[in-house]
Structure formats: structure tokens, C-alpha cells
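K.L.:
Contents are mmCIF, C-alpha atoms and all ligand atoms; file name data_19.cif:
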data_model
loop_
_atom_site.label_atom_id
_atom_site.label_comp_id
_atom_site.auth_asym_id
_atom_site.auth_seq_id
_atom_site.Cartn_x
_atom_site.Cartn_y
_atom_site.Cartn_z
CA MET A 1 112.42 36.66 -106.50
CA ALA A 2 112.16 35.56 -110.10
CA GLU A 3 113.57 32.30 -111.35
CA ILE A 4 114.60 31.73 -114.96
CA PRO A 5 112.75 28.83 -116.64
CA LYS A 6 114.27 25.38 -116.17
CA TYR A 7 114.68 24.67 -119.91
CA LEU A 8 116.69 27.89 -120.24
CA ASP A 9 118.78 27.20 -117.17
CA ASP A 10 119.74 23.81 -118.64
CA PHE A 11 120.40 25.34 -122.03
CA ILE A 12 122.67 28.07 -120.65
CA PHE A 13 124.67 26.06 -118.15
CA GLU A 14 124.59 22.50 -119.54
CA GLU A 15 124.46 22.92 -123.31
CA LEU A 16 126.04 26.28 -124.12
CA GLY A 17 128.75 26.24 -121.44
CA GLY A 18 127.63 29.43 -119.70
CA PHE A 19 129.18 30.20 -116.32
CA TYR A 20 128.45 32.60 -113.49
CA GLN A 21 131.21 35.06 -112.69
CA PRO A 22 130.24 38.60 -111.79
CA GLY A 23 132.88 41.25 -111.19
CA GLN A 24 135.38 43.18 -113.22
CA ASN A 25 135.71 43.86 -116.96
CA VAL A 26 132.05 43.98 -117.83
CA ASP A 27 131.68 47.61 -118.81
CA VAL A 28 132.46 47.03 -122.51
CA ASN A 29 131.31 43.86 -124.28
CA LEU A 30 131.71 44.75 -127.95
CA ARG A 31 134.92 42.79 -128.33
CA ASN A 32 133.93 39.83 -126.18
CA ASP A 33 135.35 36.51 -127.35
CA GLU A 34 133.54 33.18 -127.00
CA THR A 35 134.64 32.71 -123.37
CA ALA A 36 133.59 36.22 -122.38
CA ASN A 37 130.22 35.63 -124.00
CA LYS A 38 129.83 32.34 -122.10
CA ARG A 39 130.43 34.30 -118.95
CA TYR A 40 127.90 36.88 -120.14
CA ILE A 41 125.15 34.31 -120.76
CA GLY A 42 125.77 32.68 -117.36
CA THR A 43 125.92 35.94 -115.43
CA TYR A 44 124.16 38.85 -117.14
CA PHE A 45 121.78 37.28 -119.63
CA PRO A 46 119.42 36.04 -116.87
CA ARG A 47 119.29 39.54 -115.38
CA SER A 48 118.28 41.23 -118.66
CA LEU A 49 115.74 38.50 -119.29
CA ILE A 50 114.03 38.97 -115.94
CA GLU A 51 114.17 42.77 -116.11
CA CYS A 52 112.54 42.92 -119.54
CA TYR A 53 109.92 40.32 -118.70
CA PHE A 54 108.76 42.14 -115.56
CA ILE A 55 108.89 45.63 -117.03
CA PHE A 56 106.53 44.53 -119.80
CA GLN A 57 104.33 42.67 -117.33
CA ASP A 58 104.05 45.91 -115.33
CA LEU A 59 103.19 47.91 -118.44
CA TYR A 60 100.58 45.38 -119.52
CA ALA A 61 98.81 45.79 -116.18
CA HIS A 62 97.60 49.18 -117.43
CA ASP A 63 94.32 48.89 -119.39
CA LYS A 64 95.26 51.25 -122.22
CA ILE A 65 98.56 49.52 -122.83
CA LYS A 66 96.95 46.11 -122.66
CA GLU A 67 94.33 47.25 -125.15
CA ALA A 68 96.97 48.69 -127.51
CA ILE A 69 98.97 45.44 -127.46
CA ASP A 70 95.94 43.16 -127.69
CA ASN A 71 94.62 45.13 -130.69
CA LYS A 72 97.76 44.65 -132.73
CA THR A 73 97.44 42.32 -135.69
CA GLU A 74 101.20 41.84 -135.71
CA LEU A 75 104.13 43.10 -133.66
CA LYS A 76 107.31 44.64 -134.98
CA ILE A 77 110.06 44.95 -132.43
CA LEU A 78 113.38 46.75 -132.74
CA ASP A 79 116.21 46.12 -130.30
CA ILE A 80 119.61 47.78 -130.39
CA GLY A 81 122.71 46.33 -128.73
CA THR A 82 121.00 42.95 -128.41
CA GLY A 83 124.15 40.99 -127.60
CA THR A 84 123.41 37.37 -126.75
CA GLY A 85 119.68 38.20 -126.52
CA GLY A 86 118.80 38.36 -122.80
CA ASN A 87 116.22 41.12 -122.98
CA ILE A 88 114.58 39.97 -126.22
CA ILE A 89 114.17 36.45 -124.84
CA GLY A 90 112.57 38.06 -121.76
CA LEU A 91 110.21 39.93 -124.08
CA MET A 92 109.36 36.70 -125.89
CA HIS A 93 108.45 35.09 -122.57
CA PHE A 94 106.21 38.04 -121.83
CA LEU A 95 104.47 37.63 -125.21
CA LYS A 96 104.05 33.92 -124.58
CA ASN A 97 102.63 34.66 -121.15
CA ILE A 98 99.97 37.03 -122.50
CA LYS A 99 99.24 34.49 -125.26
CA PHE A 100 100.02 36.88 -128.09
CA ASN A 101 99.59 34.51 -131.01
CA LYS A 102 99.77 36.87 -133.96
CA PRO A 103 102.93 37.38 -136.09
CA VAL A 104 105.92 38.79 -134.24
CA GLU A 105 109.08 40.01 -135.95
CA PHE A 106 112.26 41.21 -134.26
CA LEU A 107 114.96 43.34 -135.83
CA THR A 108 118.07 43.18 -133.67
CA ILE A 109 121.24 45.20 -134.13
CA GLU A 110 124.55 44.13 -132.67
CA GLY A 111 128.27 44.48 -133.42
CA ASN A 112 129.67 41.31 -131.84
CA THR A 113 129.41 38.38 -134.27
CA ASN A 114 129.89 35.71 -131.63
CA ALA A 115 127.14 37.25 -129.48
CA ILE A 116 124.82 37.13 -132.53
CA ASP A 117 125.54 33.38 -132.84
CA PHE A 118 124.34 32.93 -129.24
CA GLN A 119 121.33 35.18 -129.89
CA ILE A 120 120.26 32.97 -132.82
CA LYS A 121 120.64 29.84 -130.67
CA PHE A 122 118.46 31.28 -127.90
CA PHE A 123 115.88 32.42 -130.41
CA LYS A 124 115.66 28.99 -132.04
CA LYS A 125 115.52 27.28 -128.67
CA PHE A 126 112.58 29.42 -127.63
CA ASN A 127 110.65 28.72 -130.84
CA GLN A 128 111.30 24.98 -130.47
CA GLN A 129 110.37 24.93 -126.82
CA PHE A 130 107.04 26.71 -127.26
CA GLN A 131 106.24 25.88 -130.88
CA THR A 132 106.16 29.56 -131.72
CA ASN A 133 107.17 31.15 -134.96
CA PHE A 134 108.71 34.44 -133.85
CA ARG A 135 110.85 35.80 -136.67
CA LEU A 136 114.35 37.15 -136.19
CA LYS A 137 116.12 39.54 -138.54
CA TYR A 138 119.48 40.61 -137.29
CA ALA A 139 121.90 43.25 -138.47
CA ASN A 140 125.58 42.94 -137.67
CA ILE A 141 126.71 46.54 -137.36
CA THR A 142 129.48 48.13 -135.33
CA PHE A 143 128.67 51.73 -134.50
CA GLN A 144 131.20 54.50 -134.04
CA THR A 145 130.40 56.98 -131.29
CA ASN A 146 130.29 59.95 -133.63
CA THR A 147 128.17 58.24 -136.26
CA LEU A 148 125.82 56.10 -134.16
CA ASN A 149 122.77 58.10 -135.17
CA SER A 150 123.57 58.41 -138.86
CA GLN A 151 124.38 54.68 -139.09
CA LEU A 152 121.13 53.85 -137.32
CA THR A 153 119.11 56.21 -139.52
CA GLU A 154 120.60 54.73 -142.66
CA LEU A 155 119.66 51.21 -141.63
CA LEU A 156 116.18 52.07 -140.36
CA ASN A 157 115.32 54.09 -143.44
CA LYS A 158 116.22 51.08 -145.55
CA MET A 159 113.94 48.87 -143.44
CA ASN A 160 111.13 51.35 -144.07
CA SER A 161 109.15 50.27 -141.04
CA LYS A 162 107.79 51.60 -137.77
CA TYR A 163 108.00 49.61 -134.58
CA ASP A 164 105.56 48.71 -131.83
CA PHE A 165 108.30 48.17 -129.27
CA ILE A 166 111.73 49.71 -129.37
CA THR A 167 114.08 48.48 -126.68
CA SER A 168 117.72 48.97 -125.86
CA PHE A 169 119.34 47.47 -122.78
CA LYS A 170 122.77 48.37 -121.37
CA PHE A 171 123.99 49.55 -124.76
CA ILE A 172 124.49 53.32 -124.64
CA SER A 173 126.55 53.06 -121.44
CA GLU A 174 129.14 51.07 -123.38
CA PHE A 175 129.96 54.23 -125.37
CA TYR A 176 130.36 56.21 -122.14
CA ASN A 177 132.57 53.47 -120.74
CA SER A 178 134.82 53.24 -123.78
CA ASP A 179 134.78 56.80 -125.15
CA TYR A 180 133.47 59.04 -122.37
CA LEU A 181 134.20 62.48 -123.80
CA ASN A 182 132.80 61.78 -127.25
CA ALA A 183 129.76 59.98 -125.89
CA SER A 184 128.25 63.03 -124.25
CA GLY A 185 124.72 63.62 -125.58
CA LEU A 186 124.19 60.07 -126.89
CA PHE A 187 121.20 59.14 -124.70
CA LYS A 188 119.49 62.24 -126.04
CA SER A 189 120.36 61.94 -129.73
CA PHE A 190 119.72 58.17 -129.75
CA SER A 191 116.22 58.72 -128.32
CA GLN A 192 115.58 61.52 -130.76
CA THR A 193 116.57 59.28 -133.69
CA LEU A 194 114.48 56.35 -132.53
CA SER A 195 111.39 58.49 -131.91
CA ASN A 196 111.05 58.73 -135.70
CA TYR A 197 110.53 54.99 -135.96
CA LEU A 198 108.03 54.43 -133.16
CA ASN A 199 104.39 53.66 -133.91
CA ASP A 200 101.65 55.93 -132.52
CA LYS A 201 100.84 53.43 -129.79
CA GLY A 202 104.36 52.07 -129.60
CA ILE A 203 106.53 51.71 -126.50
CA PHE A 204 110.14 52.80 -126.24
CA LEU A 205 112.01 51.27 -123.32
CA LEU A 206 115.54 52.51 -122.70
CA LEU A 207 117.34 50.72 -119.89
CA ASP A 208 120.87 50.94 -118.60
CA LEU A 209 123.06 50.14 -115.65
CA VAL A 210 123.06 52.61 -112.79
CA SER A 211 126.80 52.40 -112.45
CA GLY A 212 129.58 54.13 -114.24
CA ASP A 213 131.90 55.32 -111.58
CA TYR A 214 133.73 52.00 -111.61
CA GLU A 215 136.74 53.17 -109.66
CA HIS A 216 134.61 55.02 -107.12
CA ARG A 217 136.68 58.17 -107.55
CA ASN A 218 133.76 60.36 -108.51
CA THR A 219 135.46 61.20 -111.74
CA ARG A 220 132.16 61.04 -113.58
CA PRO A 221 128.49 60.98 -112.69
CA PHE A 222 126.71 57.64 -112.52
CA THR A 223 125.14 56.47 -115.78
CA THR A 224 121.69 56.85 -114.28
CA GLN A 225 122.42 60.54 -113.62
CA ILE A 226 123.73 61.15 -117.12
CA MET A 227 120.71 59.42 -118.58
CA SER A 228 118.35 61.55 -116.47
CA ASP A 229 119.86 64.85 -117.61
CA GLU A 230 119.97 63.91 -121.26
CA LEU A 231 116.52 62.39 -121.48
CA ASN A 232 114.95 65.26 -119.53
CA SER A 233 116.48 67.65 -122.00
CA PHE A 234 115.15 65.54 -124.90
CA ILE A 235 111.63 65.24 -123.49
CA LYS A 236 111.36 68.92 -122.61
CA ASN A 237 112.27 70.03 -126.10
CA THR A 238 109.07 71.25 -127.74
CA THR A 239 109.91 69.37 -130.93
CA SER A 240 110.10 66.05 -129.09
CA GLN A 241 107.35 63.65 -130.13
CA LEU A 242 107.69 61.61 -126.95
CA ALA A 243 106.76 61.87 -123.28
CA TYR A 244 107.60 59.71 -120.28
CA ILE A 245 105.19 57.26 -118.78
CA LEU A 246 107.74 55.66 -116.43
CA PRO A 247 109.01 56.39 -113.89
CA ILE A 248 105.57 57.71 -113.25
CA CYS A 249 106.78 60.79 -111.35
CA CYS A 250 108.64 61.80 -114.52
CA GLY A 251 105.43 61.08 -116.46
CA PHE A 252 103.43 63.49 -114.30
CA TRP A 253 105.95 66.17 -113.48
CA SER A 254 108.75 66.27 -116.07
CA ASP A 255 107.50 69.56 -117.59
CA PHE A 256 108.42 71.40 -114.38
CA CYS A 257 111.34 69.27 -113.27
CA ARG A 258 114.60 71.11 -112.66
CA THR A 259 116.40 68.31 -110.86
CA GLN A 260 119.93 67.80 -112.10
CA GLN A 261 121.62 64.41 -112.16
CA CYS A 262 118.58 62.64 -110.76
CA TYR A 263 119.50 59.18 -109.45
CA ILE A 264 116.91 56.60 -110.48
CA GLU A 265 117.30 52.93 -109.58
CA ARG A 266 115.18 49.81 -109.57
CA GLN A 267 116.42 46.47 -108.33
CA PHE A 268 115.49 43.00 -109.55
CA GLU A 269 116.20 39.72 -107.80
CA ILE A 270 117.06 36.77 -110.00
CA LYS A 271 117.43 33.11 -109.21
CA HIS A 272 119.02 30.34 -111.28
CA SER A 273 120.92 27.14 -110.68
CA ARG A 274 124.23 28.94 -110.15
CA ARG A 275 122.95 31.66 -107.86
CA GLN A 276 120.14 31.67 -105.32
CA LYS A 277 119.79 35.43 -105.14
CA ASP A 278 121.37 37.65 -107.72
CA ILE A 279 120.58 41.36 -107.63
CA SER A 280 120.61 43.66 -110.62
CA LYS A 281 120.42 47.43 -110.31
CA VAL A 282 119.19 49.29 -113.32
CA THR A 283 117.71 52.57 -114.42
CA TYR A 284 115.13 52.94 -117.14
CA ARG A 285 112.62 55.21 -118.81
CA VAL A 286 109.57 54.25 -120.82
CA MET A 287 108.58 56.80 -123.45
CA VAL A 288 105.63 56.88 -125.83
CA LYS A 289 104.13 59.38 -128.30
CA LYS A 290 102.64 62.37 -126.47
CA PRO A 291 98.94 61.69 -127.21
CA PHE A 292 99.33 58.07 -126.04
CA ALA A 293 101.10 59.26 -122.88
CA ARG A 294 98.18 61.58 -122.11
CA GLU A 295 95.74 58.73 -122.65
CA ILE A 296 97.70 56.44 -120.34
CA LEU A 297 98.38 58.95 -117.58
CA SER A 298 94.84 60.27 -117.50
CA ASN A 299 93.88 56.79 -116.32
CA VAL A 300 96.27 56.86 -113.39
CA GLN A 301 95.58 58.69 -110.18
CA ALA A 302 98.61 60.81 -109.22
CA LYS A 303 100.00 60.30 -105.74
CA GLU A 304 101.84 62.91 -103.71
CA GLN A 305 105.16 61.15 -103.92
CA TYR A 306 106.84 58.13 -105.42
CA GLN A 307 109.89 56.11 -104.60
CA MET A 308 112.14 56.20 -107.66
CA SER A 309 115.39 54.94 -106.20
CA TYR A 310 115.60 51.68 -104.34
CA ASN A 311 119.35 52.09 -103.85
CA THR A 312 120.08 50.30 -100.59
CA TRP A 313 122.19 53.08 -99.10
CA HIS A 314 120.37 56.08 -100.48
CA PRO A 315 116.74 55.35 -101.20
CA ARG A 316 115.12 58.41 -102.71
CA TYR A 317 111.68 59.61 -103.56
CA CYS A 318 110.25 62.33 -105.74
CA ARG A 319 107.59 64.67 -104.39
CA ASN A 320 106.31 66.77 -107.24
CA THR A 321 109.84 67.14 -108.73
CA MET A 322 111.52 67.58 -105.35
CA VAL A 323 113.92 64.74 -104.64
CA ILE A 324 114.16 63.70 -101.02
CA GLU A 325 116.30 61.10 -99.32
CA LYS A 326 114.00 58.54 -97.84
CA THR A 327 114.70 58.26 -94.16
CA ASN A 328 111.84 56.33 -92.66
CA GLU A 329 110.63 52.84 -93.30
CA THR A 330 107.27 53.81 -94.73
CA GLU A 331 106.30 52.04 -97.92
CA LEU A 332 105.84 54.61 -100.70
CA PRO A 333 104.14 54.18 -104.08
CA ASN A 334 106.52 52.60 -106.55
CA ALA A 335 107.50 54.97 -109.39
CA PHE A 336 107.94 52.03 -111.76
CA LYS A 337 104.32 50.87 -111.61
CA LEU A 338 101.45 52.41 -113.53
CA ILE A 339 98.73 51.35 -111.13
C1 LIG B 401 125.99 44.98 -121.94
S1 LIG B 401 125.61 44.24 -123.48
C2 LIG B 401 123.84 44.16 -123.42
C3 LIG B 401 123.30 43.07 -124.27
C4 LIG B 401 121.80 42.86 -124.12
N1 LIG B 401 121.07 44.04 -124.49
C5 LIG B 401 121.49 42.47 -122.70
O1 LIG B 401 120.90 43.29 -121.97
O2 LIG B 401 121.84 41.37 -122.28
C6 LIG B 401 125.88 45.55 -124.64
C7 LIG B 401 125.87 45.08 -126.08
O3 LIG B 401 126.04 46.19 -126.95
C8 LIG B 401 126.96 45.85 -127.98
N2 LIG B 401 127.68 47.04 -128.41
C9 LIG B 401 128.40 47.88 -127.63
N3 LIG B 401 128.97 48.84 -128.36
C10 LIG B 401 128.61 48.61 -129.64
C11 LIG B 401 128.91 49.26 -130.88
N4 LIG B 401 129.71 50.30 -130.91
N5 LIG B 401 128.35 48.75 -132.01
C12 LIG B 401 127.55 47.66 -131.96
N6 LIG B 401 127.24 47.00 -130.83
C13 LIG B 401 127.77 47.46 -129.69
C14 LIG B 401 127.92 44.88 -127.31
O4 LIG B 401 128.58 44.07 -128.25
C15 LIG B 401 127.01 44.10 -126.39
O5 LIG B 401 126.51 42.96 -126.99
#
If you convert what's in this file into C-alpha cells, what do you get?
Ligand SMILES: C[S@@+](CC[C@H](N)C(=O)[O-])C[C@H]1O[C@@H](n2cnc3c(N)ncnc32)[C@H](O)[C@@H]1O

P.N.:
Amino acid sequence: MAEIPKYLDDFIFEELGGFYQPGQNVDVNLRNDETANKRYIGTYFPRSLIECYFIFQDLYAHDKIKEAIDNKTELKILDIGTGTGGNIIGLMHFLKNIKFNKPVEFLTIEGNTNAIDFQIKFFKKFNQQFQTNFRLKYANITFQTNTLNSQLTELLNKMNSKYDFITSFKFISEFYNSDYLNASGLFKSFSQTLSNYLNDKGIFLLLDLVSGDYEHRNTRPFTTQIMSDELNSFIKNTTSQLAYILPICCGFWSDFCRTQQCYIERQFEIKHSRRQKDISKVTYRVMVKKPFAREILSNVQAKEQYQMSYNTWHPRYCRNTMVIEKTNETELPNAFKLI
């Protein structure tokens, strides 16, 4: 169970007026007003913060990744669909925790102006609290489904930079939730676009909600299944510069994987003053340039099987690309850990 820091809990619930209210109407946040964003910071912000913090902690546990981060003289970080800032604040806590004291600059991209106001407040609060000097550049851009990649390319070409971390949390699913038919292929094309802006030892973390079938009528696959198919197709393309490192079964076996609509889920438990045990269910992939992936994976001993879905009702594991429903209680190696 992970608890959000006390200063942040006070800031969210006492100063900014955040409130906890999970439930309906959370699949599209682009047009959130101030009240909806207060609900977001009290309900979903803590989840993204904890997820991002622990995912980076897990990555940093691997020697080659630790070395790559420690050797940086500065960090450039790109985040798309940043919203009120939950995952970037989680990343900042990770950097504070590893005592990264060289220059850090974030470029965030977001279409909701009110959410950007909150993002700036959280960013300033963090710098004040820890006497850090992390720099924030933000771009207020609303993407259209059909032009997401060209809009992104135009902006990133102007910035003329490569990034050490590229992250995007719970963003692409919003296109599937608001414009399902047009959105098809976006996980793939978005990853393809971003791969051009990733440094040689950079890390690309793409995370989304597992859900999607909100009305439980099986009218569409779950987001995690859509993401699996599209990213597998991206990674397998010979022109792709990237390879998976997480989930680790995908890192080892994606070249031969024929699984369709693979269901991948990790759960995080979050605690704050308004909720003793909140559970978030997400799916994610970590991708890096192919030579870096080889370097990382050659330092990990492959196991026979990994658990890559912790879904309570249907836990699943992958055995050399074969997906099996987990039926016994045996603890299996966790597909989201590199050691
Ligand atoms: C579910 S929130 C996630 C926010 C943040 N990444 C987090 O994990 O807390 C998705 C964000 O993407 C933004 N977004 C969705 N569609 C967008 C679009 N078409 N253009 C720009 N931003 C968009 C929303 O405004 C929202 O802030």
C-alpha cells in the first residue's frame, strides 16, 4: 500500500478543494470544468502519481537503467496528456528519491486550460517543498483524432530536442472513448511518432486504463487488449526502432508472439486521507531503442513464465507467448519487474 505524501494530501484536499468521488463520467476529461478537475485531483491524481513513482522505481532497480539515468548530465522529459499533473509529480518524487540533482526540464502537452492551471500549481508546490528547480514548459494544444500525429510532429520538430523519458498516461484511451471508430490505430501511430524523439538510452512509458467496455455489453474490446494488438504490430514491424522491456514476457518473446487481444493488468493500492485503500487497474508497456533493450534484457535471467495480469477474476500468465488462466495460488514471477 502506498500513501501519498502528507504535504500533497493537504494541498489537494485542504488548499485546492479536491474531493474523492470515483464512478461515472470519467472516460473523457478534455472538457472538464473546474469542479470536474477538483474531482480529478482528489480521485485520480493520486493514482497516477503512485503508478508513475513505482514504475520508475522498478525500472531503476535494474543496473543498466540506473547507470543510464545516473550518467545523465541533465534530463529532458516529455509528457503528453498531462492533465492536472499526477504522473509527472510522481516522476518528480522518483527523481527526488534517487537524489537526481542535475537540471530537469519537462515539456507537457495538454488541451484543458483549467487542468494546466492545476498542473502549474502542483509543479510550483513541489519545487517549493523540496527546494528543487525543475523546469516546466507546457503546451496548450487540443488534438483532433485524425491529426494527432501531425500536430505532435509539428510541435516536437519545433522544439528540436530528444527526450530521456517520454510518458503518456491515460491519454490515448480518451480518443477511443470519444471517437472510437476514428481512433483505431492510434496507440500504434502515436508510438511510432514518439519513437523519433526518444534518446538512445531513453525510456518510453505508455500507460492506460484497462477498461473500455463501460457498459459491459462487450461492444468493444478492453483498452488493454486494443493496446496490446496495436503495440505488438508496431514493435514487430522491422522499421520500428523500439523494443519492449516491460512487461518482461513481451520483452523476451514478442518476436514470436501471436496472441491476439492480450489482457495485461497491474494493480496499485493507494492510500490518502479520503480513502484507506484505493485500487487502480492499469496496463502499460515500457519501450526503449532496440540496442538498449538488448543490453537491459541480456542482464535478466528469463523465467519459464510470468504473471502479466493481476485481474482479480481472471489472473493470467504468459508462458513463452502462450497465455494461460492462472488457476492455482502459486506465486509466479511478476512480469512488471526487471529483476
Ligand atoms: C485521464 S486524463 C490523464 C491525465 C494525467 N496523465 C494523469 O494520469 O493524471 C487525460 C488527459 O488527456 C487530455 N486530453 C484528452 N484528449 C485530448 C485532446 N484531444 N487534446 C489534448 N488533450 C487531451 C485531457 O484533457 C486529460 O487531461

K.L.:
For ligand LIG 401 (chain B), which residue out of A:Ser150, A:Ser178, A:Asn97, A:Gln128 is the nearest one, using all atoms listed in the file?

P.N.:
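Looking only at the distances to ligand LIG 401 (chain B), the closest residue turns out to be A:Ser178.
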
K.L.:
Centre and edge lengths, as JSON, for the axis-aligned box enclosing every listed atom of ligand LIG 401 (chain B) with 6 Å of padding on each of the six sides, in Å to one decimal?

P.N.:
{"center_x": 125.3, "center_y": 45.8, "center_z": -127.0, "size_x": 20.8, "size_y": 20.9, "size_z": 22.1}

K.L.:
Of the candidates A:Ile166, A:Leu181, A:Cys250, A:Met227, which one gets nearest to Ser211 in chain A if we count all atoms listed in the file?

P.N.:
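Of A:Ile166, A:Leu181, A:Cys250, A:Met227, the one nearest Ser211 in chain A, counting all atoms listed in the file, is A:Met227.
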
K.L.:
For a quick check of your reading of the model, name the residues lying within 9 Å of the coordinate (114.2, 40.0, -127.4), counting all atoms listed in the file, and write them as an NGL selection string.

P.N.:
:A and (49 or 52 or 77-79 or 82 or 85-93 or 106 or 108 or 119 or 123 or 167)

K.L.:
Using only C-alpha atoms and all ligand atoms, which of the listed residues (A:Ala36, A:Ile69, A:Val323, A:Ile141) sits closest to ligand LIG 401 (chain B)?

P.N.:
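Closest to ligand LIG 401 (chain B) of all the choices is A:Ile141.
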
K.L.:
For Lys188 in chain A, which residue among A:Tyr60, A:Phe234, A:Phe100, A:Phe171 is the nearest when counting only C-alpha atoms?

P.N.:
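Among A:Tyr60, A:Phe234, A:Phe100, A:Phe171, it is A:Phe234 that comes nearest to Lys188 in chain A.
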
K.L.:
Which one is closest to Gln261 in chain A: A:Lys72, A:Arg220, A:Lys289, A:Arg274? Count only C-alpha atoms.

P.N.:
A:Arg220

K.L.:
What is the distance, in Å and to one decimal place, between CA of Ile98 in chain A and CA of Tyr138 in chain A?

P.N.:
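It comes out at 24.7 Å.
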
K.L.:
Which chains and residue numbers are within 9 Å of ligand LIG 401 (chain B), counting all atoms listed in the file, if I want them as a PyMOL selection string?

P.N.:
chain A and resi 26-32+37+40-41+44-49+51-52+79-88+109-113+115-116+140-145+148+167-175+178+207-209
